[in-house]
file start-v2.txt (compact mmCIF, C-alpha atoms)
# COMPACT_ATOMS: atom_id res chain seq x y z
CA MET A 1 0.00 0.00 0.00
CA THR A 2 1.35 3.41 -0.95
CA PHE A 3 1.37 6.44 1.30
CA ASP A 4 -1.39 8.13 -0.74
CA GLU A 5 -3.52 4.99 -0.66
CA PHE A 6 -3.22 4.76 3.11
CA VAL A 7 -4.11 8.40 3.62
CA ARG A 8 -7.15 8.03 1.36
CA ALA A 9 -8.22 4.96 3.33
CA VAL A 10 -7.98 6.52 6.79
CA GLY A 11 -8.22 10.28 6.30
CA GLY A 12 -10.87 11.81 8.55
CA GLY A 13 -11.61 8.41 10.04
CA LEU A 14 -11.22 6.18 13.08
CA ILE A 15 -8.40 3.70 13.59
CA VAL A 16 -9.23 1.14 16.28
CA SER A 17 -6.47 -0.34 18.40
CA CYS A 18 -7.19 -4.02 19.05
CA GLN A 19 -4.80 -5.24 21.74
CA ALA A 20 -4.92 -7.13 25.03
CA GLY A 21 -2.10 -7.42 27.51
CA ALA A 22 -0.68 -10.48 29.22
CA GLY A 23 -3.21 -12.04 31.57
CA HIS A 24 -6.21 -10.25 30.03
CA PRO A 25 -9.20 -12.53 29.30
CA LEU A 26 -9.03 -11.45 25.63
CA ARG A 27 -5.32 -12.28 25.25
CA ASP A 28 -5.63 -14.64 22.30
CA SER A 29 -4.80 -13.86 18.66
CA PRO A 30 -8.03 -15.29 17.16
CA THR A 31 -9.99 -13.26 19.71
CA ILE A 32 -8.11 -10.12 18.72
CA ALA A 33 -8.99 -10.83 15.09
CA ARG A 34 -12.69 -11.12 15.95
CA MET A 35 -12.43 -7.86 17.87
CA ALA A 36 -10.96 -6.26 14.75
CA ARG A 37 -13.75 -7.59 12.55
CA ALA A 38 -16.31 -6.09 14.92
CA ALA A 39 -14.49 -2.75 14.87
CA VAL A 40 -14.50 -2.70 11.07
CA LEU A 41 -18.21 -3.51 11.10
CA GLY A 42 -18.68 -0.45 13.29
CA GLY A 43 -16.77 1.85 10.95
CA ALA A 44 -13.05 1.52 11.70
CA THR A 45 -11.02 2.61 8.68
CA ALA A 46 -7.89 0.77 9.88
CA ILE A 47 -6.79 -1.49 12.75
CA ARG A 48 -3.77 -0.99 14.99
CA CYS A 49 -2.67 -4.29 16.51
CA GLY A 50 0.25 -6.34 17.74
CA GLY A 51 1.63 -5.13 21.04
CA VAL A 52 2.13 -7.97 23.49
CA GLY A 53 0.59 -10.30 20.92
CA GLY A 54 3.18 -9.23 18.39
CA VAL A 55 3.50 -10.86 15.00
CA PRO A 56 0.83 -13.57 15.59
CA ASP A 57 -1.78 -10.89 16.31
CA VAL A 58 -0.81 -8.96 13.18
CA GLN A 59 -1.04 -12.11 11.07
CA GLU A 60 -4.47 -13.06 12.45
CA VAL A 61 -5.93 -9.60 12.03
CA ALA A 62 -4.48 -9.10 8.55
CA SER A 63 -6.18 -12.29 7.41
CA ALA A 64 -9.49 -11.31 9.03
CA VAL A 65 -10.15 -7.76 7.80
CA ASP A 66 -9.89 -5.84 4.55
CA VAL A 67 -8.76 -2.50 5.97
CA PRO A 68 -5.13 -1.38 6.42
CA ILE A 69 -3.19 -2.74 9.40
CA VAL A 70 -0.95 -0.61 11.59
CA GLY A 71 1.18 -3.28 13.21
CA LEU A 72 3.61 -3.28 16.10
CA THR A 73 5.31 -5.51 18.60
CA LYS A 74 6.44 -4.80 22.14
CA ARG A 75 9.58 -5.89 23.92
CA GLY A 76 9.72 -4.94 27.57
CA THR A 77 7.56 -2.48 29.47
CA SER A 78 9.69 0.63 29.81
CA GLY A 79 11.89 2.86 27.69
CA VAL A 80 11.78 2.25 23.96
CA PHE A 81 9.72 -0.94 23.66
CA ILE A 82 7.27 -0.33 20.80
CA THR A 83 8.80 -2.08 17.77
CA PRO A 84 12.23 -1.03 19.04
CA THR A 85 14.51 -2.21 16.20
CA ALA A 86 14.56 -2.43 12.42
CA ASP A 87 14.46 -6.23 12.60
CA ASP A 88 11.31 -6.06 14.74
CA ALA A 89 9.75 -3.69 12.22
CA LEU A 90 10.49 -5.95 9.27
CA ARG A 91 8.88 -8.93 11.03
CA VAL A 92 5.74 -6.88 11.66
CA LEU A 93 5.67 -5.76 8.02
CA ALA A 94 6.09 -9.33 6.77
CA ALA A 95 3.15 -10.39 8.95
CA GLY A 96 0.78 -8.24 6.90
CA ALA A 97 0.99 -4.70 8.22
CA ALA A 98 0.83 -1.83 5.75
CA VAL A 99 2.22 0.52 8.39
CA VAL A 100 4.65 -0.28 11.20
CA ALA A 101 4.24 1.70 14.41
CA THR A 102 7.50 2.32 16.27
CA ASP A 103 8.69 4.45 19.15
CA GLY A 104 9.49 7.78 17.53
CA THR A 105 10.83 9.60 20.58
CA ARG A 106 14.40 10.87 20.80
CA ARG A 107 15.26 8.31 23.47
CA HIS A 108 18.07 5.79 23.06
CA ARG A 109 16.92 2.70 21.15
CA PRO A 110 17.97 -0.71 22.51
CA ASP A 111 20.24 -1.54 19.56
CA GLY A 112 21.78 1.93 19.56
CA ALA A 113 20.57 2.63 16.02
CA PRO A 114 18.77 5.85 15.05
CA LEU A 115 15.09 5.91 14.12
CA SER A 116 16.14 6.56 10.53
CA ARG A 117 17.53 3.02 10.27
CA THR A 118 14.10 1.54 10.98
CA VAL A 119 12.48 4.00 8.57
CA GLU A 120 14.92 3.12 5.80
CA ALA A 121 14.51 -0.63 6.33
CA VAL A 122 10.72 -0.47 6.23
CA HIS A 123 10.68 1.82 3.20
CA ALA A 124 13.04 -0.52 1.36
CA ALA A 125 10.64 -3.38 2.06
CA GLY A 126 7.66 -1.40 0.73
CA GLY A 127 6.05 -0.36 4.01
CA LEU A 128 5.24 2.84 5.86
CA ILE A 129 6.29 4.05 9.32
CA MET A 130 4.13 5.59 12.05
CA ALA A 131 6.34 7.28 14.64
CA ASP A 132 4.79 7.27 18.12
CA VAL A 133 5.96 10.49 19.76
CA ALA A 134 5.46 12.31 23.05
CA THR A 135 6.39 15.93 22.30
CA LEU A 136 6.61 18.46 19.50
CA ASP A 137 10.40 18.08 19.39
CA ASP A 138 9.98 14.31 19.04
CA GLY A 139 7.60 14.86 16.15
CA LEU A 140 9.94 17.23 14.38
CA ALA A 141 12.84 14.80 14.80
CA ALA A 142 10.74 11.85 13.57
CA ALA A 143 9.63 13.79 10.50
CA GLY A 144 13.25 14.63 9.84
CA ALA A 145 14.11 10.93 10.08
CA GLY A 146 11.61 10.20 7.31
CA ALA A 147 8.60 8.88 9.24
CA ASP A 148 5.45 8.81 7.11
CA LEU A 149 3.00 9.45 9.94
CA ILE A 150 3.46 11.16 13.30
CA ALA A 151 1.27 9.88 16.15
CA THR A 152 0.80 11.42 19.59
CA THR A 153 0.68 7.96 21.22
CA LEU A 154 3.37 8.49 23.85
CA SER A 155 2.35 11.89 25.20
CA GLY A 156 2.01 11.45 28.94
CA TYR A 157 4.26 8.40 29.05
CA THR A 158 7.68 10.08 28.97
CA PRO A 159 9.20 12.42 31.58
CA ASP A 160 9.23 15.37 29.19
CA SER A 161 5.55 15.20 28.22
CA PRO A 162 2.46 16.39 30.15
CA ARG A 163 0.59 13.92 32.35
CA ASN A 164 -3.02 14.62 31.47
CA PRO A 165 -6.02 12.40 32.22
CA GLY A 166 -7.33 13.02 28.70
CA PRO A 167 -5.82 13.28 25.21
CA ASP A 168 -3.11 15.79 24.37
CA LEU A 169 -5.03 17.95 21.93
CA ASP A 170 -2.46 20.70 22.30
CA LEU A 171 0.21 18.39 20.84
CA VAL A 172 -2.05 17.50 17.92
CA ALA A 173 -2.52 21.19 17.17
CA ALA A 174 1.18 22.01 17.62
CA LEU A 175 2.29 19.21 15.30
CA SER A 176 -0.28 20.23 12.71
CA ARG A 177 1.00 23.81 12.75
CA ALA A 178 4.68 22.86 12.70
CA LEU A 179 4.30 20.11 10.09
CA PRO A 180 1.46 21.33 7.84
CA SER A 181 2.13 18.76 5.12
CA ALA A 182 2.55 15.80 7.49
CA VAL A 183 0.01 13.16 8.42
CA ILE A 184 -0.75 13.61 12.12
CA VAL A 185 -2.48 10.76 13.96
CA ALA A 186 -4.09 11.51 17.31
CA GLU A 187 -3.71 8.70 19.82
CA GLY A 188 -3.63 8.30 23.57
CA ARG A 189 -6.52 8.44 26.10
CA TYR A 190 -9.29 9.14 23.59
CA HIS A 191 -12.22 7.91 25.62
CA ARG A 192 -15.23 9.85 24.31
CA PRO A 193 -16.60 10.50 20.80
CA GLU A 194 -16.40 14.26 21.22
CA GLN A 195 -12.65 13.97 21.84
CA VAL A 196 -12.30 12.28 18.45
CA ARG A 197 -14.08 15.19 16.81
CA ALA A 198 -11.90 17.66 18.71
CA ALA A 199 -8.72 15.96 17.48
CA LEU A 200 -9.84 16.10 13.86
CA ASP A 201 -10.75 19.76 14.31
CA ALA A 202 -7.28 20.36 15.80
CA GLY A 203 -5.64 19.07 12.63
CA ALA A 204 -5.39 15.30 13.00
CA THR A 205 -5.68 13.25 9.83
CA ALA A 206 -7.13 10.30 11.77
CA VAL A 207 -7.70 9.26 15.39
CA VAL A 208 -6.80 6.02 17.17
CA VAL A 209 -9.11 4.73 19.90
CA GLY A 210 -8.36 1.54 21.77
CA THR A 211 -9.34 0.84 25.37
CA ALA A 212 -12.64 2.75 25.25
CA ILE A 213 -13.83 0.49 22.41
CA THR A 214 -12.03 -2.83 22.84
CA ASP A 215 -11.58 -3.47 26.58
CA PRO A 216 -14.82 -4.72 28.18
CA ALA A 217 -13.20 -4.73 31.64
CA TRP A 218 -12.33 -1.03 31.39
CA ILE A 219 -15.74 -0.13 29.96
CA THR A 220 -17.58 -2.14 32.62
CA ALA A 221 -15.53 -0.56 35.42
CA GLY A 222 -16.64 2.89 34.27
CA PHE A 223 -20.27 1.93 34.66
CA ALA A 224 -19.72 -0.05 37.86
CA ALA A 225 -18.07 2.95 39.50
CA HIS A 226 -21.46 4.67 39.50
CA THR A 227 -23.23 1.81 41.29
CA ASP A 228 -23.29 0.54 44.86
CA ARG A 229 -21.15 -2.40 43.76
CA PRO A 230 -17.94 -0.99 42.26
CA ARG A 231 -15.22 -2.99 40.55
CA ARG A 232 -14.04 -6.19 42.21
CA GLY A 233 -10.51 -6.47 43.57

call {"tool": "encode", "arguments": {"input": "start-v2.txt", "output": "structure tokens"}}
result
Amino acid sequence: MTFDEFVRAVGGGLIVSCQAGAGHPLRDSPTIARMARAAVLGGATAIRCGGVGGVPDVQEVASAVDVPIVGLTKRGTSGVFITPTADDALRVLAAGAAVVATDGTRRHRPDGAPLSRTVEAVHAAGGLIMADVATLDDGLAAAGAGADLIATTLSGYTPDSPRNPGPDLDLVAALSRALPSAVIVAEGRYHRPEQVRAALDAGATAVVVGTAITDPAWITAGFAAHTDRPRRG
């Protein structure tokens, strides 16, 4: 899939993140694929998947839906762990992803290589790169490294980014102003439909929503909190 084809497929739309962590009742690749099919039925223009499930999740989802896949894998739980190396990225791409999501911050990568090495490897293999960033400076650096899409995924998860309970709409707007020709993807703590609209109005090309759509435990807890019998445990 070319860059222009991907942008036409997702522009102005909703990308749904279908993931489940270790120990979650939904932690099973076929289950993730069914989740993705349901999201597409509801209007998702693309699926983001992989994470803890890695390549098997990407393979299952790619075979189950006919929308573009933004794939990733995770190694570890801190620092740069979202598709941290070029080799990881190539495995995700080979599994069926059109776009590989990778940590796009300026932090040290585990193999010591710059982000540009992952970008070059994925481009050479015919794929696209989504750089998950936390700040405006991260986004500028990722664009300079050749990333095709800049996503606000990691805002709030690095020491130099604001810790907000909701999405970082200010970062979406700042990236859109600083990189007017770039594709900006809003991601991170989008929990209500009106926040999706706000991100698009702030300049996002598309918005990623995950937990608020695909995690029944999280959704149930929100309702249970308003009852006399709140969440167990």

call {"tool": "axis_aligned_box", "arguments": {"input": "start-v2.txt", "around": "segment 11-25 of chain A", "padding_each_side": "6 Å", "output": "lines of an AutoDock Vina configuration file"}}
result
center_x = -6.1
center_y = -0.4
center_z = 18.9
size_x = 22.9
size_y = 36.3
size_z = 37.3

call {"tool": "closest_residue", "arguments": {"input": "start-v2.txt", "among": "A:Val99, A:Val61, A:Val52, A:Ala142", "to": "Ile129 of chain A", "atoms": "all atoms listed in the file"}}
result
A:Val99

call {"tool": "residues_near_point", "arguments": {"input": "start-v2.txt", "point": "(-12.6, -1.1, 36.7)", "cutoff": "6 Å", "atoms": "only C-alpha atoms", "output": "list in words"}}
result
Trp218, Ala221 and Arg231 of chain A

call {"tool": "closest_residue", "arguments": {"input": "start-v2.txt", "among": "A:Ser161, A:Ser29, A:Thr102, A:Ser155", "to": "Val80 of chain A", "atoms": "all atoms listed in the file"}}
result
A:Thr102

call {"tool": "atom_distance", "arguments": {"input": "start-v2.txt", "atom1": "atom CA of Ala86 of chain A", "atom2": "atom CA of Arg117 of chain A"}}
result
6.6 Å

call {"tool": "closest_residue", "arguments": {"input": "start-v2.txt", "among": "A:Val207, A:Ala224, A:Val122, A:Ile82", "to": "Gly51 of chain A", "atoms": "all atoms listed in the file"}}
result
A:Ile82

call {"tool": "atom_distance", "arguments": {"input": "start-v2.txt", "atom1": "atom CA of Val16 of chain A", "atom2": "atom CA of Ala89 of chain A"}}
result
20.0 Å

call {"tool": "closest_residue", "arguments": {"input": "start-v2.txt", "among": "A:Ala225, A:Ala9, A:Val133, A:Ala143", "to": "Ser181 of chain A", "atoms": "only C-alpha atoms"}}
result
A:Ala143

call {"tool": "residues_around", "arguments": {"input": "start-v2.txt", "residues": "segment 36-49 of chain A", "least_positions_apart": "2", "cutoff": "7 Å", "atoms": "all atoms listed in the file", "output": "JSON, numbers by chain"}}
result
{"A": [9, 10, 13, 14, 15, 16, 17, 18, 19, 32, 33, 34, 51, 57, 58, 61, 64, 65, 67, 68, 69, 70, 71, 72]}

call {"tool": "write_last_selection", "arguments": {"input": "start-v2.txt", "atoms": "C-alpha atoms", "output": "PDB file, in the frame of the given file"}}
result
ATOM      1  CA  ALA A   9      -8.220   4.960   3.330  1.00  0.00           C
ATOM      2  CA  VAL A  10      -7.980   6.520   6.790  1.00  0.00           C
ATOM      3  CA  GLY A  13     -11.610   8.410  10.040  1.00  0.00           C
ATOM      4  CA  LEU A  14     -11.220   6.180  13.080  1.00  0.00           C
ATOM      5  CA  ILE A  15      -8.400   3.700  13.590  1.00  0.00           C
ATOM      6  CA  VAL A  16      -9.230   1.140  16.280  1.00  0.00           C
ATOM      7  CA  SER A  17      -6.470  -0.340  18.400  1.00  0.00           C
ATOM      8  CA  CYS A  18      -7.190  -4.020  19.050  1.00  0.00           C
ATOM      9  CA  GLN A  19      -4.800  -5.240  21.740  1.00  0.00           C
ATOM     10  CA  ILE A  32      -8.110 -10.120  18.720  1.00  0.00           C
ATOM     11  CA  ALA A  33      -8.990 -10.830  15.090  1.00  0.00           C
ATOM     12  CA  ARG A  34     -12.690 -11.120  15.950  1.00  0.00           C
ATOM     13  CA  GLY A  51       1.630  -5.130  21.040  1.00  0.00           C
ATOM     14  CA  ASP A  57      -1.780 -10.890  16.310  1.00  0.00           C
ATOM     15  CA  VAL A  58      -0.810  -8.960  13.180  1.00  0.00           C
ATOM     16  CA  VAL A  61      -5.930  -9.600  12.030  1.00  0.00           C
ATOM     17  CA  ALA A  64      -9.490 -11.310   9.030  1.00  0.00           C
ATOM     18  CA  VAL A  65     -10.150  -7.760   7.800  1.00  0.00           C
ATOM     19  CA  VAL A  67      -8.760  -2.500   5.970  1.00  0.00           C
ATOM     20  CA  PRO A  68      -5.130  -1.380   6.420  1.00  0.00           C
ATOM     21  CA  ILE A  69      -3.190  -2.740   9.400  1.00  0.00           C
ATOM     22  CA  VAL A  70      -0.950  -0.610  11.590  1.00  0.00           C
ATOM     23  CA  GLY A  71       1.180  -3.280  13.210  1.00  0.00           C
ATOM     24  CA  LEU A  72       3.610  -3.280  16.100  1.00  0.00           C
TER      25      LEU A  72
END

call {"tool": "residues_around", "arguments": {"input": "start-v2.txt", "residues": "Gly104 of chain A", "least_positions_apart": "2", "cutoff": "8 Å", "atoms": "all atoms listed in the file", "output": "MDAnalysis selection string"}}
result
chainID A and resid 102 106 115 130:133 138:139 142

call {"tool": "residues_around", "arguments": {"input": "start-v2.txt", "residues": "Asp28 of chain A", "least_positions_apart": "6", "cutoff": "10 Å", "atoms": "all atoms listed in the file", "output": "ChimeraX atom specification"}}
result
/A:19-22,53,56-57

call {"tool": "closest_residue", "arguments": {"input": "start-v2.txt", "among": "A:Asp66, A:Glu60, A:Asp215, A:Asp103", "to": "Phe81 of chain A", "atoms": "all atoms listed in the file"}}
result
A:Asp103

call {"tool": "atom_distance", "arguments": {"input": "start-v2.txt", "atom1": "atom CA of Gln195 of chain A", "atom2": "atom CA of Thr158 of chain A"}}
result
21.9 Å

call {"tool": "closest_residue", "arguments": {"input": "start-v2.txt", "among": "A:Val7, A:Ala134, A:Val208, A:Ala95", "to": "Arg163 of chain A", "atoms": "only C-alpha atoms"}}
result
A:Ala134

call {"tool": "residues_around", "arguments": {"input": "start-v2.txt", "residues": "Ala178 of chain A", "least_positions_apart": "5", "cutoff": "12 Å", "atoms": "only C-alpha atoms", "output": "PyMOL selection string"}}
result
chain A and resi 135-141+143+150+171-173+183-184+203

call {"tool": "residues_around", "arguments": {"input": "start-v2.txt", "residues": "Arg109 of chain A", "least_positions_apart": "3", "cutoff": "7 Å", "atoms": "all atoms listed in the file", "output": "MDAnalysis selection string"}}
result
chainID A and resid 80 84 112:113

call {"tool": "write_last_selection", "arguments": {"input": "start-v2.txt", "atoms": "C-alpha atoms", "output": "PDB file, in the coordinates of the input"}}
result
ATOM      1  CA  VAL A  80      11.780   2.250  23.960  1.00  0.00           C
ATOM      2  CA  PRO A  84      12.230  -1.030  19.040  1.00  0.00           C
ATOM      3  CA  GLY A 112      21.780   1.930  19.560  1.00  0.00           C
ATOM      4  CA  ALA A 113      20.570   2.630  16.020  1.00  0.00           C
TER       5      ALA A 113
END
